[in-house]
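The block underneath contains the structure these notes are about, expressed in structure tokens.
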Amino acid sequence: MVEPARGASERSALLVSEALIAELAAADLVVIDTPMHNFTVPSALKAWIDHVVRPSCTFRITPAGKVGLLRDRPVLVVVTCGGRFAGPGAQDDFLAPYFRYVLGTIGISSVELLRLEGLGRGAAQAEQALDDARRWIETKVPTGRI
Ligand SMILES: Cc1cc2nc3c(=O)[nH]c(=O)nc-3n(C[C@H](O)[C@H](O)[C@H](O)COP(=O)(O)O)c2cc1C
């Protein structure tokens with residue numbers, strides 16, 4: 001395949017992508033904490049996704065669909081949300097299904113998410129959420145790994 005001619009900005013974007021893919025490929029465990037923005041991933045996390053989900057690098061396209069090229073590994077995601085997902089004013093969650101789907105595309109299916117809700121409702125709620133997140137991470141990750 002003939003490589004297209006690339007300008008300096010494209011080459012530097014590819015270097016970032018290659019570094020992020022190498023970091024992900026080398027990881028035995030991935031821990032991500034992220035806010036929910038407008039019901040899904042914030043733009044910074046979307047940019048990371050767009051750098052690591054690359055045809056012929058982390059997935060390939062076949063007649064039967066996309067096939068992931070990375071080995072599976074645990075990914076723990078803590079999602080902080082100002083709002084709630086049940087009761088009056090409940091919102092929908094497009095983050096969790098999207099994130100599972102897009103990582104599944106590159107071969108990573110062991111994704112676990114903890115969603116912390118109602119963080120826009122004062123300090124007590126935020127403290128409780130922090131405790132919940134610490135306990136959850138402690139149950140998932142052997143001591144000393146993060
Ligand atoms: C641009 C923007 C969009 C947001 N959209 C949502 C949303 O769709 N649902 C939600 O529950 N919270 C939303 N929030 C609130 C954040 O999720 C909440 O502030 C964050 O998780 C708390 O973490 P932080 O203190 O790091 O901001 C939004 C916040 C911002 C700044």
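Labels for the structure tokens follow display order: chains A, B, ..., residues from 1 in each chain, ligands from 1.
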
Near-ligand residues for ligand 1, threshold 12 Å, only C-alpha atoms and all ligand atoms, as a PDB file with N, CA, C and O atoms, in the first residue's frame:
```pdb
ATOM      1  N   ASP A  33     -10.881   8.024  34.908  1.00  0.00           N
ATOM      2  CA  ASP A  33     -11.981   8.739  35.565  1.00  0.00           C
ATOM      3  C   ASP A  33     -12.360   9.907  34.688  1.00  0.00           C
ATOM      4  O   ASP A  33     -11.512  10.577  34.111  1.00  0.00           O
ATOM      5  N   THR A  34     -13.660  10.060  34.541  1.00  0.00           N
ATOM      6  CA  THR A  34     -14.145  11.046  33.578  1.00  0.00           C
ATOM      7  C   THR A  34     -15.476  11.631  34.025  1.00  0.00           C
ATOM      8  O   THR A  34     -16.304  10.908  34.579  1.00  0.00           O
ATOM      9  N   PRO A  35     -15.695  12.909  33.774  1.00  0.00           N
ATOM     10  CA  PRO A  35     -17.053  13.424  33.945  1.00  0.00           C
ATOM     11  C   PRO A  35     -17.916  13.002  32.750  1.00  0.00           C
ATOM     12  O   PRO A  35     -17.382  12.672  31.676  1.00  0.00           O
ATOM     13  N   MET A  36     -19.231  13.001  32.948  1.00  0.00           N
ATOM     14  CA  MET A  36     -20.156  12.897  31.820  1.00  0.00           C
ATOM     15  C   MET A  36     -20.413  14.316  31.321  1.00  0.00           C
ATOM     16  O   MET A  36     -20.675  15.220  32.116  1.00  0.00           O
ATOM     17  N   HIS A  37     -20.296  14.527  30.027  1.00  0.00           N
ATOM     18  CA  HIS A  37     -20.656  15.811  29.432  1.00  0.00           C
ATOM     19  C   HIS A  37     -21.717  15.594  28.370  1.00  0.00           C
ATOM     20  O   HIS A  37     -21.507  14.830  27.426  1.00  0.00           O
ATOM     21  N   ASN A  38     -22.826  16.253  28.551  1.00  0.00           N
ATOM     22  CA  ASN A  38     -23.937  16.146  27.586  1.00  0.00           C
ATOM     23  C   ASN A  38     -24.250  14.693  27.244  1.00  0.00           C
ATOM     24  O   ASN A  38     -24.315  14.299  26.080  1.00  0.00           O
ATOM     25  N   PHE A  39     -24.387  13.923  28.324  1.00  0.00           N
ATOM     26  CA  PHE A  39     -24.884  12.532  28.296  1.00  0.00           C
ATOM     27  C   PHE A  39     -23.889  11.528  27.744  1.00  0.00           C
ATOM     28  O   PHE A  39     -24.203  10.354  27.601  1.00  0.00           O
ATOM     29  N   THR A  40     -22.667  11.983  27.439  1.00  0.00           N
ATOM     30  CA  THR A  40     -21.690  11.034  26.885  1.00  0.00           C
ATOM     31  C   THR A  40     -20.273  11.418  27.308  1.00  0.00           C
ATOM     32  O   THR A  40     -20.105  12.142  28.305  1.00  0.00           O
ATOM     33  N   VAL A  41     -19.263  10.941  26.585  1.00  0.00           N
ATOM     34  CA  VAL A  41     -17.873  11.234  26.973  1.00  0.00           C
ATOM     35  C   VAL A  41     -17.550  12.707  26.693  1.00  0.00           C
ATOM     36  O   VAL A  41     -18.016  13.266  25.696  1.00  0.00           O
ATOM     37  N   PRO A  42     -16.734  13.353  27.545  1.00  0.00           N
ATOM     38  CA  PRO A  42     -16.302  14.720  27.240  1.00  0.00           C
ATOM     39  C   PRO A  42     -15.350  14.737  26.043  1.00  0.00           C
ATOM     40  O   PRO A  42     -14.774  13.698  25.678  1.00  0.00           O
ATOM     41  N   SER A  43     -15.148  15.900  25.469  1.00  0.00           N
ATOM     42  CA  SER A  43     -14.398  15.976  24.209  1.00  0.00           C
ATOM     43  C   SER A  43     -12.954  15.494  24.363  1.00  0.00           C
ATOM     44  O   SER A  43     -12.392  14.923  23.427  1.00  0.00           O
ATOM     45  N   ALA A  44     -12.327  15.683  25.537  1.00  0.00           N
ATOM     46  CA  ALA A  44     -10.939  15.235  25.710  1.00  0.00           C
ATOM     47  C   ALA A  44     -10.863  13.706  25.638  1.00  0.00           C
ATOM     48  O   ALA A  44      -9.938  13.142  25.030  1.00  0.00           O
ATOM     49  N   VAL A  78     -14.500   5.283  36.164  1.00  0.00           N
ATOM     50  CA  VAL A  78     -15.348   5.980  37.138  1.00  0.00           C
ATOM     51  C   VAL A  78     -15.910   7.213  36.433  1.00  0.00           C
ATOM     52  O   VAL A  78     -15.161   8.051  35.938  1.00  0.00           O
ATOM     53  N   VAL A  79     -17.244   7.273  36.372  1.00  0.00           N
ATOM     54  CA  VAL A  79     -17.918   8.361  35.650  1.00  0.00           C
ATOM     55  C   VAL A  79     -18.631   9.254  36.655  1.00  0.00           C
ATOM     56  O   VAL A  79     -19.465   8.770  37.433  1.00  0.00           O
ATOM     57  N   THR A  80     -18.303  10.536  36.672  1.00  0.00           N
ATOM     58  CA  THR A  80     -18.984  11.466  37.578  1.00  0.00           C
ATOM     59  C   THR A  80     -20.050  12.228  36.803  1.00  0.00           C
ATOM     60  O   THR A  80     -19.818  12.681  35.682  1.00  0.00           O
ATOM     61  N   CYS A  81     -21.211  12.349  37.441  1.00  0.00           N
ATOM     62  CA  CYS A  81     -22.363  12.958  36.762  1.00  0.00           C
ATOM     63  C   CYS A  81     -23.034  13.955  37.700  1.00  0.00           C
ATOM     64  O   CYS A  81     -23.276  13.643  38.875  1.00  0.00           O
ATOM     65  N   GLY A  82     -23.355  15.129  37.178  1.00  0.00           N
ATOM     66  CA  GLY A  82     -24.078  16.107  37.991  1.00  0.00           C
ATOM     67  C   GLY A  82     -25.520  15.684  38.235  1.00  0.00           C
ATOM     68  O   GLY A  82     -26.093  15.951  39.287  1.00  0.00           O
ATOM     69  N   GLY A  83     -26.118  15.014  37.268  1.00  0.00           N
ATOM     70  CA  GLY A  83     -27.534  14.656  37.346  1.00  0.00           C
ATOM     71  C   GLY A  83     -27.757  13.204  37.729  1.00  0.00           C
ATOM     72  O   GLY A  83     -26.844  12.500  38.149  1.00  0.00           O
ATOM     73  N   ARG A  84     -29.020  12.784  37.573  1.00  0.00           N
ATOM     74  CA  ARG A  84     -29.420  11.435  37.983  1.00  0.00           C
ATOM     75  C   ARG A  84     -30.029  10.674  36.816  1.00  0.00           C
ATOM     76  O   ARG A  84     -30.367  11.264  35.793  1.00  0.00           O
ATOM     77  N   PHE A  85     -30.194   9.356  37.021  1.00  0.00           N
ATOM     78  CA  PHE A  85     -30.655   8.488  35.940  1.00  0.00           C
ATOM     79  C   PHE A  85     -31.968   7.792  36.294  1.00  0.00           C
ATOM     80  O   PHE A  85     -32.448   6.931  35.563  1.00  0.00           O
ATOM     81  N   ALA A  86     -32.543   8.188  37.432  1.00  0.00           N
ATOM     82  CA  ALA A  86     -33.849   7.654  37.817  1.00  0.00           C
ATOM     83  C   ALA A  86     -34.585   8.757  38.560  1.00  0.00           C
ATOM     84  O   ALA A  86     -33.956   9.694  39.060  1.00  0.00           O
ATOM     85  N   GLY A  89     -36.831  14.078  36.403  1.00  0.00           N
ATOM     86  CA  GLY A  89     -35.722  14.709  35.664  1.00  0.00           C
ATOM     87  C   GLY A  89     -34.624  13.741  35.271  1.00  0.00           C
ATOM     88  O   GLY A  89     -33.504  14.169  34.957  1.00  0.00           O
ATOM     89  N   ALA A  90     -34.919  12.454  35.289  1.00  0.00           N
ATOM     90  CA  ALA A  90     -33.892  11.454  34.951  1.00  0.00           C
ATOM     91  C   ALA A  90     -33.376  11.662  33.528  1.00  0.00           C
ATOM     92  O   ALA A  90     -34.113  12.058  32.635  1.00  0.00           O
ATOM     93  N   GLN A  91     -32.077  11.404  33.365  1.00  0.00           N
ATOM     94  CA  GLN A  91     -31.465  11.550  32.039  1.00  0.00           C
ATOM     95  C   GLN A  91     -31.050  10.165  31.520  1.00  0.00           C
ATOM     96  O   GLN A  91     -30.964   9.203  32.287  1.00  0.00           O
ATOM     97  N   ASP A  92     -30.753  10.091  30.237  1.00  0.00           N
ATOM     98  CA  ASP A  92     -30.249   8.855  29.640  1.00  0.00           C
ATOM     99  C   ASP A  92     -28.723   8.864  29.666  1.00  0.00           C
ATOM    100  O   ASP A  92     -28.098   9.919  29.663  1.00  0.00           O
ATOM    101  N   ASP A  93     -28.151   7.658  29.685  1.00  0.00           N
ATOM    102  CA  ASP A  93     -26.695   7.489  29.713  1.00  0.00           C
ATOM    103  C   ASP A  93     -26.238   6.936  28.358  1.00  0.00           C
ATOM    104  O   ASP A  93     -26.458   5.771  28.051  1.00  0.00           O
ATOM    105  N   PHE A  94     -25.595   7.783  27.551  1.00  0.00           N
ATOM    106  CA  PHE A  94     -25.026   7.320  26.282  1.00  0.00           C
ATOM    107  C   PHE A  94     -23.534   7.045  26.424  1.00  0.00           C
ATOM    108  O   PHE A  94     -22.909   6.542  25.496  1.00  0.00           O
ATOM    109  N   LEU A  95     -22.985   7.412  27.582  1.00  0.00           N
ATOM    110  CA  LEU A  95     -21.541   7.225  27.796  1.00  0.00           C
ATOM    111  C   LEU A  95     -21.193   5.741  27.923  1.00  0.00           C
ATOM    112  O   LEU A  95     -20.330   5.229  27.200  1.00  0.00           O
ATOM    113  N   ARG A 115     -20.787   4.500  38.030  1.00  0.00           N
ATOM    114  CA  ARG A 115     -21.370   5.802  37.741  1.00  0.00           C
ATOM    115  C   ARG A 115     -21.737   6.490  39.046  1.00  0.00           C
ATOM    116  O   ARG A 115     -22.507   5.964  39.834  1.00  0.00           O
ATOM    117  N   LEU A 116     -21.140   7.649  39.278  1.00  0.00           N
ATOM    118  CA  LEU A 116     -21.431   8.435  40.480  1.00  0.00           C
ATOM    119  C   LEU A 116     -22.404   9.537  40.076  1.00  0.00           C
ATOM    120  O   LEU A 116     -22.096  10.354  39.206  1.00  0.00           O
ATOM    121  N   GLU A 117     -23.586   9.547  40.729  1.00  0.00           N
ATOM    122  CA  GLU A 117     -24.670  10.413  40.260  1.00  0.00           C
ATOM    123  C   GLU A 117     -24.960  11.554  41.228  1.00  0.00           C
ATOM    124  O   GLU A 117     -24.617  11.474  42.410  1.00  0.00           O
ATOM    125  N   GLY A 118     -25.619  12.551  40.739  1.00  0.00           N
ATOM    126  CA  GLY A 118     -26.156  13.622  41.594  1.00  0.00           C
ATOM    127  C   GLY A 118     -25.077  14.476  42.230  1.00  0.00           C
ATOM    128  O   GLY A 118     -25.283  15.025  43.313  1.00  0.00           O
ATOM    129  N   LEU A 119     -23.920  14.608  41.556  1.00  0.00           N
ATOM    130  CA  LEU A 119     -22.815  15.345  42.177  1.00  0.00           C
ATOM    131  C   LEU A 119     -23.037  16.856  42.175  1.00  0.00           C
ATOM    132  O   LEU A 119     -22.303  17.582  42.843  1.00  0.00           O
ATOM    133  N   GLY A 120     -24.045  17.292  41.447  1.00  0.00           N
ATOM    134  CA  GLY A 120     -24.368  18.721  41.473  1.00  0.00           C
ATOM    135  C   GLY A 120     -25.230  19.081  42.672  1.00  0.00           C
ATOM    136  O   GLY A 120     -25.748  20.198  42.758  1.00  0.00           O
ATOM    137  N   ARG A 121     -25.396  18.171  43.615  1.00  0.00           N
ATOM    138  CA  ARG A 121     -26.340  18.400  44.727  1.00  0.00           C
ATOM    139  C   ARG A 121     -25.655  18.641  46.054  1.00  0.00           C
ATOM    140  O   ARG A 121     -26.164  18.264  47.100  1.00  0.00           O
ATOM    141  N   GLY A 122     -24.461  19.199  46.017  1.00  0.00           N
ATOM    142  CA  GLY A 122     -23.830  19.613  47.274  1.00  0.00           C
ATOM    143  C   GLY A 122     -22.660  18.751  47.703  1.00  0.00           C
ATOM    144  O   GLY A 122     -22.423  17.661  47.168  1.00  0.00           O
ATOM    145  N   ALA A 123     -21.947  19.276  48.729  1.00  0.00           N
ATOM    146  CA  ALA A 123     -20.682  18.677  49.151  1.00  0.00           C
ATOM    147  C   ALA A 123     -20.880  17.283  49.753  1.00  0.00           C
ATOM    148  O   ALA A 123     -20.041  16.392  49.547  1.00  0.00           O
ATOM    149  N   GLN A 125     -23.035  14.979  49.062  1.00  0.00           N
ATOM    150  CA  GLN A 125     -23.214  13.988  47.980  1.00  0.00           C
ATOM    151  C   GLN A 125     -21.856  13.679  47.322  1.00  0.00           C
ATOM    152  O   GLN A 125     -21.540  12.532  47.011  1.00  0.00           O
ATOM    153  N   ALA A 126     -21.053  14.732  47.128  1.00  0.00           N
ATOM    154  CA  ALA A 126     -19.748  14.554  46.480  1.00  0.00           C
ATOM    155  C   ALA A 126     -18.817  13.715  47.367  1.00  0.00           C
ATOM    156  O   ALA A 126     -18.098  12.833  46.878  1.00  0.00           O
ATOM    157  N   GLU A 127     -18.832  13.981  48.687  1.00  0.00           N
ATOM    158  CA  GLU A 127     -18.004  13.198  49.631  1.00  0.00           C
ATOM    159  C   GLU A 127     -18.388  11.728  49.583  1.00  0.00           C
ATOM    160  O   GLU A 127     -17.548  10.834  49.565  1.00  0.00           O
ATOM    161  N   ALA A 129     -19.806  10.161  47.164  1.00  0.00           N
ATOM    162  CA  ALA A 129     -19.405   9.603  45.873  1.00  0.00           C
ATOM    163  C   ALA A 129     -17.919   9.245  45.887  1.00  0.00           C
ATOM    164  O   ALA A 129     -17.515   8.196  45.375  1.00  0.00           O
ATOM    165  N   LEU A 130     -17.119  10.111  46.492  1.00  0.00           N
ATOM    166  CA  LEU A 130     -15.680   9.850  46.561  1.00  0.00           C
ATOM    167  C   LEU A 130     -15.412   8.576  47.363  1.00  0.00           C
ATOM    168  O   LEU A 130     -14.603   7.719  46.959  1.00  0.00           O
TER     169      LEU A 130
END
```

Near segment 5-22 of chain A, within 12 Å and counting only C-alpha atoms, which residues show up once chain neighbours fewer than 6 positions away are dropped, as a PDB file with C-alpha atoms, in the first residue's frame?
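result-v3.pdb, written as the output of this step:
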```pdb
ATOM      1  CA  ALA A  47     -10.061  12.817  21.334  1.00  0.00           C
ATOM      2  CA  TRP A  48      -8.205   9.967  23.112  1.00  0.00           C
ATOM      3  CA  ILE A  49     -10.649   7.458  21.613  1.00  0.00           C
ATOM      4  CA  ASP A  50     -10.111   8.895  18.144  1.00  0.00           C
ATOM      5  CA  HIS A  51      -6.345   8.534  18.556  1.00  0.00           C
ATOM      6  CA  VAL A  52      -6.433   4.906  19.705  1.00  0.00           C
ATOM      7  CA  VAL A  53      -9.268   3.492  17.569  1.00  0.00           C
ATOM      8  CA  ARG A  54      -7.477   3.318  14.210  1.00  0.00           C
ATOM      9  CA  PRO A  55      -8.025   1.034  11.220  1.00  0.00           C
ATOM     10  CA  CYS A  57      -3.568  -0.393  13.865  1.00  0.00           C
ATOM     11  CA  THR A  58      -6.039  -1.354  16.578  1.00  0.00           C
ATOM     12  CA  PHE A  59      -8.793  -2.883  14.449  1.00  0.00           C
ATOM     13  CA  LEU A  69      -6.413  -6.195  17.240  1.00  0.00           C
ATOM     14  CA  LEU A  70      -5.589  -5.482  20.901  1.00  0.00           C
ATOM     15  CA  ILE A 106     -10.450  -2.680  19.252  1.00  0.00           C
TER      16      ILE A 106
END
```

Contacts of Val75 of chain A within 8 Å, only C-alpha atoms, excl. fewer than 4 positions in-chain, as JSON, numbers by chain: {"A": [29, 30, 31, 32, 110, 111, 112]}

Would you write out those residues with N, CA, C and O atoms, as a PDB file, in the first residue's frame?
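Produced file part-v8.pdb, reproduced below:
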```pdb
ATOM      1  N   LEU A  29      -3.726  -3.035  32.962  1.00  0.00           N
ATOM      2  CA  LEU A  29      -4.944  -2.520  33.609  1.00  0.00           C
ATOM      3  C   LEU A  29      -5.047  -1.055  33.211  1.00  0.00           C
ATOM      4  O   LEU A  29      -4.048  -0.330  33.224  1.00  0.00           O
ATOM      5  N   VAL A  30      -6.254  -0.648  32.864  1.00  0.00           N
ATOM      6  CA  VAL A  30      -6.472   0.765  32.504  1.00  0.00           C
ATOM      7  C   VAL A  30      -7.511   1.330  33.463  1.00  0.00           C
ATOM      8  O   VAL A  30      -8.565   0.719  33.662  1.00  0.00           O
ATOM      9  N   VAL A  31      -7.197   2.472  34.090  1.00  0.00           N
ATOM     10  CA  VAL A  31      -8.150   3.140  34.982  1.00  0.00           C
ATOM     11  C   VAL A  31      -8.418   4.522  34.408  1.00  0.00           C
ATOM     12  O   VAL A  31      -7.495   5.284  34.144  1.00  0.00           O
ATOM     13  N   ILE A  32      -9.694   4.824  34.219  1.00  0.00           N
ATOM     14  CA  ILE A  32     -10.082   6.114  33.634  1.00  0.00           C
ATOM     15  C   ILE A  32     -11.092   6.759  34.569  1.00  0.00           C
ATOM     16  O   ILE A  32     -12.035   6.097  35.010  1.00  0.00           O
ATOM     17  N   SER A 110     -13.407  -6.174  28.527  1.00  0.00           N
ATOM     18  CA  SER A 110     -13.531  -6.262  29.993  1.00  0.00           C
ATOM     19  C   SER A 110     -13.604  -4.860  30.601  1.00  0.00           C
ATOM     20  O   SER A 110     -12.701  -4.429  31.313  1.00  0.00           O
ATOM     21  N   VAL A 111     -14.692  -4.166  30.287  1.00  0.00           N
ATOM     22  CA  VAL A 111     -14.869  -2.786  30.750  1.00  0.00           C
ATOM     23  C   VAL A 111     -15.878  -2.776  31.888  1.00  0.00           C
ATOM     24  O   VAL A 111     -16.995  -3.284  31.742  1.00  0.00           O
ATOM     25  N   GLU A 112     -15.480  -2.219  33.036  1.00  0.00           N
ATOM     26  CA  GLU A 112     -16.416  -2.065  34.151  1.00  0.00           C
ATOM     27  C   GLU A 112     -16.535  -0.583  34.474  1.00  0.00           C
ATOM     28  O   GLU A 112     -15.530   0.122  34.543  1.00  0.00           O
TER      29      GLU A 112
END
```

Would you list, as a list in words, the residues of chain A that end up in strand (DSSP E or B) under DSSP run on this structure's backbone?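 Going through chain A, the strand (DSSP E or B) residues come out as Val30, Val31, Ile32, Asp33, Thr34, Pro35, His37, Thr40, Pro55, Phe59, Arg60, Ile61, Thr62, Gly65, Lys66, Val67, Gly68, Val75, Leu76, Val77, Val78, Val79, Thr80, Val111, Glu112, Leu113, Leu114, Arg115 and Leu116 of chain A.
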